[in-house]
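Colleague: My structure file query.pdb, PDB, C-alpha atoms, is below:
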ATOM      1  CA  VAL B   1       0.000   0.000   0.000  1.00  0.00           C
ATOM      2  CA  GLN B   2       1.198   3.517  -0.767  1.00  0.00           C
ATOM      3  CA  LEU B   3       0.598   6.257   1.776  1.00  0.00           C
ATOM      4  CA  GLN B   4       0.500   9.984   1.129  1.00  0.00           C
ATOM      5  CA  ALA B   5       0.457  12.334   4.105  1.00  0.00           C
ATOM      6  CA  SER B   6      -0.657  15.914   3.584  1.00  0.00           C
ATOM      7  CA  GLY B   7      -2.063  18.917   5.393  1.00  0.00           C
ATOM      8  CA  GLY B   8       1.000  20.178   7.188  1.00  0.00           C
ATOM      9  CA  GLY B   9       1.949  23.809   7.282  1.00  0.00           C
ATOM     10  CA  LEU B  10       2.790  26.792   9.424  1.00  0.00           C
ATOM     11  CA  VAL B  11       0.374  27.677  12.211  1.00  0.00           C
ATOM     12  CA  GLN B  12       0.499  29.902  15.256  1.00  0.00           C
ATOM     13  CA  ALA B  13       0.459  28.474  18.747  1.00  0.00           C
ATOM     14  CA  GLY B  14      -3.070  27.634  19.783  1.00  0.00           C
ATOM     15  CA  GLY B  15      -4.101  26.969  16.224  1.00  0.00           C
ATOM     16  CA  SER B  16      -5.329  23.843  14.498  1.00  0.00           C
ATOM     17  CA  LEU B  17      -4.416  21.685  11.540  1.00  0.00           C
ATOM     18  CA  ARG B  18      -5.897  18.580   9.996  1.00  0.00           C
ATOM     19  CA  LEU B  19      -3.533  16.073   8.502  1.00  0.00           C
ATOM     20  CA  SER B  20      -4.669  13.495   5.984  1.00  0.00           C
ATOM     21  CA  CYS B  21      -3.204  10.114   5.148  1.00  0.00           C
ATOM     22  CA  ALA B  22      -4.438   8.832   1.810  1.00  0.00           C
ATOM     23  CA  ALA B  23      -3.793   5.236   0.854  1.00  0.00           C
ATOM     24  CA  SER B  24      -3.782   3.323  -2.373  1.00  0.00           C
ATOM     25  CA  GLY B  25      -2.894  -0.143  -3.508  1.00  0.00           C
ATOM     26  CA  ARG B  26      -4.621  -2.483  -1.069  1.00  0.00           C
ATOM     27  CA  THR B  27      -7.788  -2.697   0.956  1.00  0.00           C
ATOM     28  CA  PHE B  28      -7.155   0.127   3.361  1.00  0.00           C
ATOM     29  CA  SER B  29      -9.935  -0.922   5.699  1.00  0.00           C
ATOM     30  CA  LEU B  30      -7.833  -3.931   6.716  1.00  0.00           C
ATOM     31  CA  PHE B  31      -5.011  -1.786   8.057  1.00  0.00           C
ATOM     32  CA  HIS B  32      -4.513  -0.135  11.410  1.00  0.00           C
ATOM     33  CA  VAL B  33      -3.082   3.348  10.874  1.00  0.00           C
ATOM     34  CA  GLY B  34      -0.710   5.243  13.095  1.00  0.00           C
ATOM     35  CA  TRP B  35       0.771   8.715  13.158  1.00  0.00           C
ATOM     36  CA  PHE B  36       4.324   9.381  14.278  1.00  0.00           C
ATOM     37  CA  ARG B  37       6.403  12.518  14.327  1.00  0.00           C
ATOM     38  CA  GLN B  38      10.053  13.366  14.276  1.00  0.00           C
ATOM     39  CA  ASP B  39      11.924  16.523  15.055  1.00  0.00           C
ATOM     40  CA  PRO B  40      15.423  16.847  13.571  1.00  0.00           C
ATOM     41  CA  GLY B  41      17.960  15.340  15.914  1.00  0.00           C
ATOM     42  CA  LYS B  42      15.345  13.407  17.837  1.00  0.00           C
ATOM     43  CA  GLU B  43      13.917   9.939  17.590  1.00  0.00           C
ATOM     44  CA  ARG B  44      10.640   9.342  15.833  1.00  0.00           C
ATOM     45  CA  GLU B  45       7.835   9.194  18.367  1.00  0.00           C
ATOM     46  CA  PHE B  46       4.323   7.847  18.448  1.00  0.00           C
ATOM     47  CA  VAL B  47       1.458  10.337  18.252  1.00  0.00           C
ATOM     48  CA  GLY B  48      -1.771   8.380  17.816  1.00  0.00           C
ATOM     49  CA  ALA B  49      -3.360   5.474  16.010  1.00  0.00           C
ATOM     50  CA  ILE B  50      -6.698   4.081  14.944  1.00  0.00           C
ATOM     51  CA  ASN B  51      -7.529   0.450  14.443  1.00  0.00           C
ATOM     52  CA  TRP B  52      -8.791  -1.031  11.200  1.00  0.00           C
ATOM     53  CA  SER B  53     -12.485  -0.544  12.009  1.00  0.00           C
ATOM     54  CA  GLY B  54     -12.171   2.866  13.599  1.00  0.00           C
ATOM     55  CA  GLY B  55     -13.517   1.497  16.835  1.00  0.00           C
ATOM     56  CA  SER B  56     -10.370   1.905  18.896  1.00  0.00           C
ATOM     57  CA  THR B  57      -7.695   4.559  19.210  1.00  0.00           C
ATOM     58  CA  SER B  58      -4.424   4.925  21.053  1.00  0.00           C
ATOM     59  CA  TRP B  59      -2.676   8.146  22.044  1.00  0.00           C
ATOM     60  CA  ALA B  60       0.549   9.565  23.293  1.00  0.00           C
ATOM     61  CA  ASP B  61       0.008  11.336  26.606  1.00  0.00           C
ATOM     62  CA  SER B  62       1.325  14.588  25.177  1.00  0.00           C
ATOM     63  CA  VAL B  63      -1.486  14.892  22.632  1.00  0.00           C
ATOM     64  CA  LYS B  64      -4.420  12.841  23.835  1.00  0.00           C
ATOM     65  CA  ASP B  65      -6.500  15.793  25.008  1.00  0.00           C
ATOM     66  CA  ARG B  66      -5.791  17.881  21.909  1.00  0.00           C
ATOM     67  CA  PHE B  67      -5.725  15.556  18.907  1.00  0.00           C
ATOM     68  CA  THR B  68      -8.356  13.297  17.438  1.00  0.00           C
ATOM     69  CA  ILE B  69      -8.135  10.658  14.747  1.00  0.00           C
ATOM     70  CA  SER B  70     -10.744   9.351  12.368  1.00  0.00           C
ATOM     71  CA  ARG B  71     -10.922   7.331   9.202  1.00  0.00           C
ATOM     72  CA  ASP B  72     -13.036   7.229   6.103  1.00  0.00           C
ATOM     73  CA  ASN B  73     -12.485   3.737   4.759  1.00  0.00           C
ATOM     74  CA  PRO B  74     -14.498   4.157   1.532  1.00  0.00           C
ATOM     75  CA  LYS B  75     -12.201   7.083   0.726  1.00  0.00           C
ATOM     76  CA  ASN B  76      -9.067   5.266   1.953  1.00  0.00           C
ATOM     77  CA  THR B  77      -8.156   8.181   4.186  1.00  0.00           C
ATOM     78  CA  VAL B  78      -7.266   8.696   7.834  1.00  0.00           C
ATOM     79  CA  PHE B  79      -7.383  12.133   9.426  1.00  0.00           C
ATOM     80  CA  LEU B  80      -5.430  13.549  12.329  1.00  0.00           C
ATOM     81  CA  GLN B  81      -7.157  16.624  13.723  1.00  0.00           C
ATOM     82  CA  MET B  82      -4.767  18.667  15.810  1.00  0.00           C
ATOM     83  CA  THR B  83      -5.917  21.491  18.066  1.00  0.00           C
ATOM     84  CA  GLY B  84      -4.228  23.592  20.710  1.00  0.00           C
ATOM     85  CA  LEU B  85      -0.940  23.324  18.883  1.00  0.00           C
ATOM     86  CA  THR B  86       2.230  24.381  20.650  1.00  0.00           C
ATOM     87  CA  PRO B  87       5.780  24.886  19.354  1.00  0.00           C
ATOM     88  CA  GLU B  88       6.586  21.498  20.880  1.00  0.00           C
ATOM     89  CA  ASP B  89       4.330  19.920  18.250  1.00  0.00           C
ATOM     90  CA  THR B  90       6.633  21.124  15.486  1.00  0.00           C
ATOM     91  CA  ALA B  91       7.884  18.085  13.584  1.00  0.00           C
ATOM     92  CA  MET B  92       7.619  16.046  10.444  1.00  0.00           C
ATOM     93  CA  TYR B  93       4.501  13.917  10.771  1.00  0.00           C
ATOM     94  CA  TYR B  94       4.358  10.458   9.248  1.00  0.00           C
ATOM     95  CA  CYS B  95       1.471   8.096   8.791  1.00  0.00           C
ATOM     96  CA  ALA B  96       1.998   4.365   8.757  1.00  0.00           C
ATOM     97  CA  ALA B  97      -0.131   1.304   8.072  1.00  0.00           C
ATOM     98  CA  ASP B  98      -0.146  -1.997   9.928  1.00  0.00           C
ATOM     99  CA  TRP B  99      -1.770  -4.977   8.217  1.00  0.00           C
ATOM    100  CA  ALA B 100      -4.516  -6.170  10.561  1.00  0.00           C
ATOM    101  CA  GLY B 101      -5.034  -9.500   8.877  1.00  0.00           C
ATOM    102  CA  ASP B 102      -1.986 -11.273  10.281  1.00  0.00           C
ATOM    103  CA  SER B 103      -2.715 -10.972  13.996  1.00  0.00           C
ATOM    104  CA  THR B 104      -5.436 -10.316  16.510  1.00  0.00           C
ATOM    105  CA  GLU B 105      -2.978  -8.308  18.562  1.00  0.00           C
ATOM    106  CA  TRP B 106      -2.467  -4.598  18.029  1.00  0.00           C
ATOM    107  CA  TYR B 107       0.597  -2.711  19.214  1.00  0.00           C
ATOM    108  CA  PRO B 108      -0.098   0.801  17.937  1.00  0.00           C
ATOM    109  CA  GLN B 109       2.781   2.534  19.683  1.00  0.00           C
ATOM    110  CA  THR B 110       5.452   0.195  18.320  1.00  0.00           C
ATOM    111  CA  MET B 111       7.083   1.389  15.130  1.00  0.00           C
ATOM    112  CA  ALA B 112       8.077  -2.124  14.148  1.00  0.00           C
ATOM    113  CA  SER B 113       4.384  -3.050  13.951  1.00  0.00           C
ATOM    114  CA  TYR B 114       3.923  -0.962  10.830  1.00  0.00           C
ATOM    115  CA  ASP B 115       4.464  -2.368   7.367  1.00  0.00           C
ATOM    116  CA  TYR B 116       4.166   0.773   5.275  1.00  0.00           C
ATOM    117  CA  TRP B 117       5.150   4.404   5.794  1.00  0.00           C
ATOM    118  CA  GLY B 118       4.268   7.626   4.066  1.00  0.00           C
ATOM    119  CA  GLN B 119       6.744  10.354   3.197  1.00  0.00           C
ATOM    120  CA  GLY B 120       5.797  12.815   5.918  1.00  0.00           C
ATOM    121  CA  THR B 121       4.245  16.252   6.098  1.00  0.00           C
ATOM    122  CA  LEU B 122       5.866  19.117   7.976  1.00  0.00           C
ATOM    123  CA  VAL B 123       4.040  20.892  10.793  1.00  0.00           C
ATOM    124  CA  THR B 124       5.564  24.083  12.117  1.00  0.00           C
ATOM    125  CA  VAL B 125       4.025  25.878  15.083  1.00  0.00           C
ATOM    126  CA  SER B 126       5.222  29.393  15.789  1.00  0.00           C
ATOM    127  CA  SER B 127       5.109  30.955  19.225  1.00  0.00           C
TER     128      SER B 127
END
Now that the file is in, can you turn its structure into structure tokens?
Modeller:
Amino acid sequence: VQLQASGGGLVQAGGSLRLSCAASGRTFSLFHVGWFRQDPGKEREFVGAINWSGGSTSWADSVKDRFTISRDNPKNTVFLQMTGLTPEDTAMYYCAADWAGDSTEWYPQTMASYDYWGQGTLVTVSS
């Protein structure tokens, strides 16, 4: 599956952005989808994830009260709605897909769980 992340940009602190992750190539509804971010010089970190059906989500503590995630399976797209942005949210944001058909277990915060990665979209939050 090919993933295309979009929606990043420059926003002032306190503002909002909605990132999109569009997929093509396989049945997207059979994939869990996660969002990760990486600041230059730092390790890539987990942000949030949604399971294949959209019925379960997982969040990093730093964003769980500010970000929401949803998916539109017929349109092969997952959305990350970000509100209350702070300069600490500045990073390249990546979406990733984890094939749900090979296991009943789901480890959304583990990077190694994901089979496919998008190219990233840059979010910059100014103070």
Colleague: Which neighbours of Gln119 of chain B fall inside 10 Å, counting all atoms listed in the file, when residues of the same chain fewer than 6 positions from it are skipped, and could you give them as number ranges by chain?
Modeller: B: 2-6, 92-96
Colleague: Given the file shown, determine the residues that the PyMOL selection byres ((chain B and resi 24-34) around 6) selects; report them as a PyMOL selection string.
Modeller: chain B and resi 1-2+23+35+48-52+73+76+95-100
Colleague: Rank B:Ser16, B:Thr110, B:Thr57, B:Thr104 by their smallest atom-to-atom distance to Arg44 of chain B, using all atoms listed in the file, and report the top residue only.
Modeller: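 Under the stated criterion, the closest residue is B:Thr110.
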Colleague: Name the residues that the PyMOL selection byres ((chain B and resi 81) around 9) picks from the file above, as a list in words, using the file's chain letters and numbers.
Modeller: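 Residues picked by the PyMOL selection byres ((chain B and resi 81) around 9): Ser16, Leu17, Arg18, Leu19, Ser20, Arg66, Phe67, Thr68, Ile69, Ser70, Phe79, Leu80, Met82 and Thr83 of chain B.
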Colleague: With the file shown as input, list the residues that the PyMOL selection byres ((chain B and resi 10) around 9) selects, as a PyMOL selection string.
Modeller: chain B and resi 8-9+11-12+122-126
Colleague: Keeping only C-alpha atoms, write the selected residues as a PDB file, in the coordinates of the input.
Modeller:
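Wrote result-v1.pdb, looks like this:
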ATOM      1  CA  GLY B   8       1.000  20.178   7.188  1.00  0.00           C
ATOM      2  CA  GLY B   9       1.949  23.809   7.282  1.00  0.00           C
ATOM      3  CA  VAL B  11       0.374  27.677  12.211  1.00  0.00           C
ATOM      4  CA  GLN B  12       0.499  29.902  15.256  1.00  0.00           C
ATOM      5  CA  LEU B 122       5.866  19.117   7.976  1.00  0.00           C
ATOM      6  CA  VAL B 123       4.040  20.892  10.793  1.00  0.00           C
ATOM      7  CA  THR B 124       5.564  24.083  12.117  1.00  0.00           C
ATOM      8  CA  VAL B 125       4.025  25.878  15.083  1.00  0.00           C
ATOM      9  CA  SER B 126       5.222  29.393  15.789  1.00  0.00           C
TER      10      SER B 126
END
Colleague: Let me make sure I understand: among B:Thr90, B:Ser113, B:Ser53, B:Thr121, which one has the smallest atom-to-atom distance to Pro40 of chain B if we use all atoms listed in the file?
Modeller: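 The shortest atom-to-atom distance to Pro40 of chain B comes from B:Thr90.
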Colleague: How many Å separate atom CA of Ala91 of chain B from atom CA of Ala13 of chain B?
Modeller: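 Atom-to-atom, atom CA of Ala91 of chain B to atom CA of Ala13 of chain B, that is 13.8 Å.
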Colleague: Have a look at atom CA of Tyr116 of chain B and atom CA of Ser58 of chain B and let me know their distance in Å, one decimal.
Modeller: 18.4 Å
Colleague: Which value, in Å to one decimal, gives the distance between atom CA of Thr86 of chain B and atom CA of Phe46 of chain B?
Modeller: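 One can read the atom CA of Thr86 of chain B to atom CA of Phe46 of chain B distance as 16.8 Å.
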Colleague: Find the axis-aligned box for segment 47-63 of chain B, covering all its listed atoms and adding 4 Å on each side, and write its centre and edge lengths in Å to one decimal as lines of an AutoDock Vina configuration file.
Modeller:
center_x = -6.0
center_y = 6.9
center_z = 18.9
size_x = 23.0
size_y = 23.9
size_z = 23.4
Colleague: Between B:Pro74, B:Gly54, B:Gly41, B:Pro87, which has the minimum distance to Gly15 of chain B (counting all atoms listed in the file)?
Modeller: B:Pro87
Colleague: Would you be able to write out as a list in words which residues have an atom within 6 Å of (1.5, 5.2, 23.1) in the file's coordinates, counting only C-alpha atoms?
Modeller: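 Collected hits near the coordinates: Trp59, Ala60 and Gln109 of chain B.
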Colleague: Please produce segment 43-54 of chain B, completed to all heavy atoms, as a short mmCIF file (atom, residue, chain, number, x, y, z; two decimals), in the coordinates of the input.
Modeller:
data_model
loop_
_atom_site.label_atom_id
_atom_site.label_comp_id
_atom_site.auth_asym_id
_atom_site.auth_seq_id
_atom_site.Cartn_x
_atom_site.Cartn_y
_atom_site.Cartn_z
N GLU B 43 14.48 11.20 18.08
CA GLU B 43 13.92 9.94 17.59
C GLU B 43 12.46 10.14 17.17
O GLU B 43 11.75 11.01 17.70
CB GLU B 43 13.99 8.89 18.70
CG GLU B 43 15.41 8.44 19.03
CD GLU B 43 15.42 7.27 20.00
OE1 GLU B 43 14.35 6.87 20.49
OE2 GLU B 43 16.52 6.76 20.27
N ARG B 44 12.04 9.31 16.25
CA ARG B 44 10.64 9.34 15.83
C ARG B 44 9.78 8.85 17.00
O ARG B 44 10.11 7.86 17.66
CB ARG B 44 10.43 8.46 14.61
CG ARG B 44 9.09 8.63 13.94
CD ARG B 44 9.05 7.93 12.59
NE ARG B 44 10.00 8.52 11.65
CZ ARG B 44 10.04 8.20 10.36
NH1 ARG B 44 9.21 7.29 9.87
NH2 ARG B 44 10.93 8.77 9.57
N GLU B 45 8.67 9.55 17.24
CA GLU B 45 7.84 9.19 18.37
C GLU B 45 6.39 8.99 17.94
O GLU B 45 5.90 9.59 16.98
CB GLU B 45 7.89 10.28 19.45
CG GLU B 45 7.33 11.62 19.05
CD GLU B 45 7.33 12.62 20.21
OE1 GLU B 45 7.85 12.32 21.29
OE2 GLU B 45 6.76 13.71 20.01
N PHE B 46 5.72 8.16 18.70
CA PHE B 46 4.32 7.85 18.45
C PHE B 46 3.44 9.03 18.81
O PHE B 46 3.67 9.71 19.82
CB PHE B 46 3.93 6.62 19.28
CG PHE B 46 2.47 6.30 19.26
CD1 PHE B 46 1.88 5.72 18.16
CD2 PHE B 46 1.67 6.57 20.37
CE1 PHE B 46 0.54 5.42 18.14
CE2 PHE B 46 0.33 6.28 20.38
CZ PHE B 46 -0.24 5.70 19.26
N VAL B 47 2.42 9.27 17.98
CA VAL B 47 1.46 10.34 18.25
C VAL B 47 0.09 9.73 18.56
O VAL B 47 -0.48 9.96 19.62
CB VAL B 47 1.35 11.29 17.05
CG1 VAL B 47 0.25 12.32 17.29
CG2 VAL B 47 2.69 11.98 16.79
N GLY B 48 -0.47 8.99 17.63
CA GLY B 48 -1.77 8.38 17.82
C GLY B 48 -2.03 7.35 16.75
O GLY B 48 -1.31 7.28 15.75
N ALA B 49 -3.05 6.52 16.96
CA ALA B 49 -3.36 5.47 16.01
C ALA B 49 -4.83 5.11 16.09
O ALA B 49 -5.49 5.33 17.12
CB ALA B 49 -2.51 4.23 16.26
N ILE B 50 -5.32 4.54 15.01
CA ILE B 50 -6.70 4.08 14.94
C ILE B 50 -6.70 2.67 14.37
O ILE B 50 -5.92 2.37 13.46
CB ILE B 50 -7.55 5.04 14.09
CG1 ILE B 50 -9.03 4.69 14.18
CG2 ILE B 50 -7.06 5.11 12.66
CD1 ILE B 50 -9.94 5.81 13.64
N ASN B 51 -7.54 1.82 14.93
CA ASN B 51 -7.53 0.45 14.44
C ASN B 51 -8.29 0.34 13.12
O ASN B 51 -8.86 1.31 12.63
CB ASN B 51 -8.06 -0.52 15.50
CG ASN B 51 -9.57 -0.50 15.60
OD1 ASN B 51 -10.21 0.51 15.33
ND2 ASN B 51 -10.15 -1.62 16.01
N TRP B 52 -8.28 -0.84 12.55
CA TRP B 52 -8.79 -1.03 11.20
C TRP B 52 -10.26 -0.61 11.06
O TRP B 52 -10.66 -0.09 10.02
CB TRP B 52 -8.63 -2.49 10.76
CG TRP B 52 -9.46 -3.45 11.55
CD1 TRP B 52 -9.14 -4.03 12.75
CD2 TRP B 52 -10.78 -3.91 11.24
NE1 TRP B 52 -10.16 -4.81 13.19
CE2 TRP B 52 -11.18 -4.76 12.28
CE3 TRP B 52 -11.64 -3.68 10.17
CZ2 TRP B 52 -12.42 -5.39 12.29
CZ3 TRP B 52 -12.87 -4.31 10.16
CH2 TRP B 52 -13.26 -5.15 11.22
N SER B 53 -11.06 -0.84 12.11
CA SER B 53 -12.48 -0.54 12.01
C SER B 53 -12.83 0.88 12.42
O SER B 53 -13.96 1.33 12.18
CB SER B 53 -13.27 -1.51 12.90
OG SER B 53 -13.01 -1.24 14.27
N GLY B 54 -11.88 1.54 13.06
CA GLY B 54 -12.17 2.87 13.60
C GLY B 54 -12.78 2.81 14.98
O GLY B 54 -13.11 3.85 15.56
#
